[in-house]
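Here is the structure we will look at.
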Amino acid sequence: MKECLVHFQVKHKGELKHLRGLIFLSDNQQPGNDQLIEMFKDMDYLVVLSDPDSLVFKPVDPSADYDFIRITELDMGEEKYTEDRDLKTILSNFL
């Protein structure tokens with residue numbers, strides 16, 4: 001069993017909130033749309049997937065106090081490589 005930390009944005013009227021949720025997965029499993037919708041439901045966000053490519057969810061109830069939810073990152077605990085340009089410049093000067 002492993003954890004998947006879901007980073008997402010909720011667009012409220014005039015405000016963008018950055019929040020996180022948690023999904024438990026079996027090994028080598030990726031989070032599915034149904035699991036994401038269930039996670040949002042547990043957080044009192046009743047949504048449907050409106051744009052699968054961008055992972056954007058819209059509220060089921062048009063009178064909800066938010067416009068959409070967009071997933072920004074699925075963190076499965078794997079290391080990510082991020083290029084550090086400053087470090088790269090310093091190292092290239094030494095060589």
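Ordered as shown in the structure tokens, chains take letters A, B, and onward, while each chain numbers its residues from 1 and ligands are numbered from 1 in the order shown.
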So which residues touch A:Glu3 within 8 Å, counting only C-alpha atoms, skipping near sequence neighbours fewer than 4 positions away, as a list in words?
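My reading of the contact set: Leu22, Ile23, Phe24, Leu25, Met76 and Gly77 of chain A.
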Mind checking DSSP for chain A and telling me the helix (DSSP H, G or I) residues as a PyMOL selection string?
chain A and resi 33-42+85-94
Do you know which residues are at most 10 Å from A:Ser54 counting only C-alpha atoms, after dropping those on the same chain fewer than 5 positions away, and could you put them as a short mmCIF file (atom, residue, chain, number, x, y, z; two decimals) with C-alpha atoms, in the first residue's frame?
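This is the output file result31.cif:
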```
data_model
loop_
_atom_site.label_atom_id
_atom_site.label_comp_id
_atom_site.auth_asym_id
_atom_site.auth_seq_id
_atom_site.Cartn_x
_atom_site.Cartn_y
_atom_site.Cartn_z
CA LEU A 49 -14.52 15.36 -14.54
CA ARG A 70 -7.75 21.55 -11.09
CA ILE A 71 -5.20 18.94 -10.07
CA THR A 72 -1.70 20.37 -10.29
#
```
With a distance cut-off of 10 Å and only C-alpha atoms, select the neighbouring residues of A:Gln9, excluding the residue or stretch itself and same-chain residues fewer than 4 positions from it, and output the selection as a PDB file with C-alpha atoms, in the first residue's frame.
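Below is the file that was written, result_6.pdb:
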```pdb
ATOM      1  CA  GLU A  15      -9.881  33.476  -5.074  1.00  0.00           C
ATOM      2  CA  LEU A  16      -7.685  30.489  -5.892  1.00  0.00           C
ATOM      3  CA  LYS A  17      -6.969  28.132  -2.975  1.00  0.00           C
ATOM      4  CA  HIS A  18      -4.148  25.581  -3.042  1.00  0.00           C
ATOM      5  CA  LEU A  19      -5.119  22.404  -1.190  1.00  0.00           C
ATOM      6  CA  ARG A  20      -4.046  18.773  -0.868  1.00  0.00           C
ATOM      7  CA  VAL A  56     -10.221  19.791 -14.294  1.00  0.00           C
ATOM      8  CA  PHE A  68     -13.703  24.378 -10.697  1.00  0.00           C
ATOM      9  CA  ILE A  69     -10.992  22.184  -9.205  1.00  0.00           C
ATOM     10  CA  ARG A  70      -7.750  21.549 -11.091  1.00  0.00           C
ATOM     11  CA  ILE A  71      -5.202  18.944 -10.073  1.00  0.00           C
ATOM     12  CA  THR A  72      -1.695  20.371 -10.291  1.00  0.00           C
ATOM     13  CA  GLU A  73       0.412  17.425  -9.103  1.00  0.00           C
TER      14      GLU A  73
END
```
Applying 12 Å and only C-alpha atoms, which residues near A:Ile37 remain after dropping the ones on its own chain fewer than 4 positions away? List them as a short mmCIF file (atom, residue, chain, number, x, y, z; two decimals) with C-alpha atoms, in the first residue's frame.
```cif
data_model
loop_
_atom_site.label_atom_id
_atom_site.label_comp_id
_atom_site.auth_asym_id
_atom_site.auth_seq_id
_atom_site.Cartn_x
_atom_site.Cartn_y
_atom_site.Cartn_z
CA VAL A 6 -2.93 15.09 -4.60
CA GLY A 21 -5.77 15.43 -0.58
CA LEU A 22 -4.62 11.88 0.03
CA ILE A 23 -5.38 8.63 -1.80
CA PRO A 31 -4.90 7.02 -9.16
CA GLY A 32 -8.00 6.75 -11.33
CA ASN A 33 -10.69 9.34 -12.01
CA LYS A 41 -16.51 13.80 -2.24
CA ASP A 42 -14.91 12.99 1.13
CA MET A 43 -13.85 16.66 1.25
CA ASP A 44 -17.44 17.80 0.48
CA TYR A 45 -16.68 18.70 -3.14
CA LEU A 46 -19.24 16.96 -5.37
CA VAL A 47 -17.65 17.07 -8.82
CA VAL A 48 -17.55 15.53 -12.27
CA LEU A 49 -14.52 15.36 -14.54
CA SER A 50 -14.93 18.06 -17.20
CA LEU A 55 -7.59 17.10 -14.82
CA VAL A 56 -10.22 19.79 -14.29
CA PHE A 57 -13.34 18.98 -12.29
CA LYS A 58 -16.57 21.01 -12.23
CA PRO A 59 -19.17 21.02 -9.44
CA VAL A 60 -22.25 18.85 -9.92
CA ILE A 69 -10.99 22.18 -9.21
CA ARG A 70 -7.75 21.55 -11.09
CA ILE A 71 -5.20 18.94 -10.07
#
```
Correct to one decimal, the distance atom CA of A:Val10-atom CA of A:Asn28 is 28.3 Å
Would you give me, as a PyMOL selection string, the residues in chain A that DSSP reads as strand (DSSP E)?
chain A and resi 2-12+15-25+47-51+56-59+66-75
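Shortest separation to A:Ser26 among A:Asp51, A:Met1, A:Glu78, A:Ala64 occurs at residue A:Met1, atoms counted being only C-alpha atoms.
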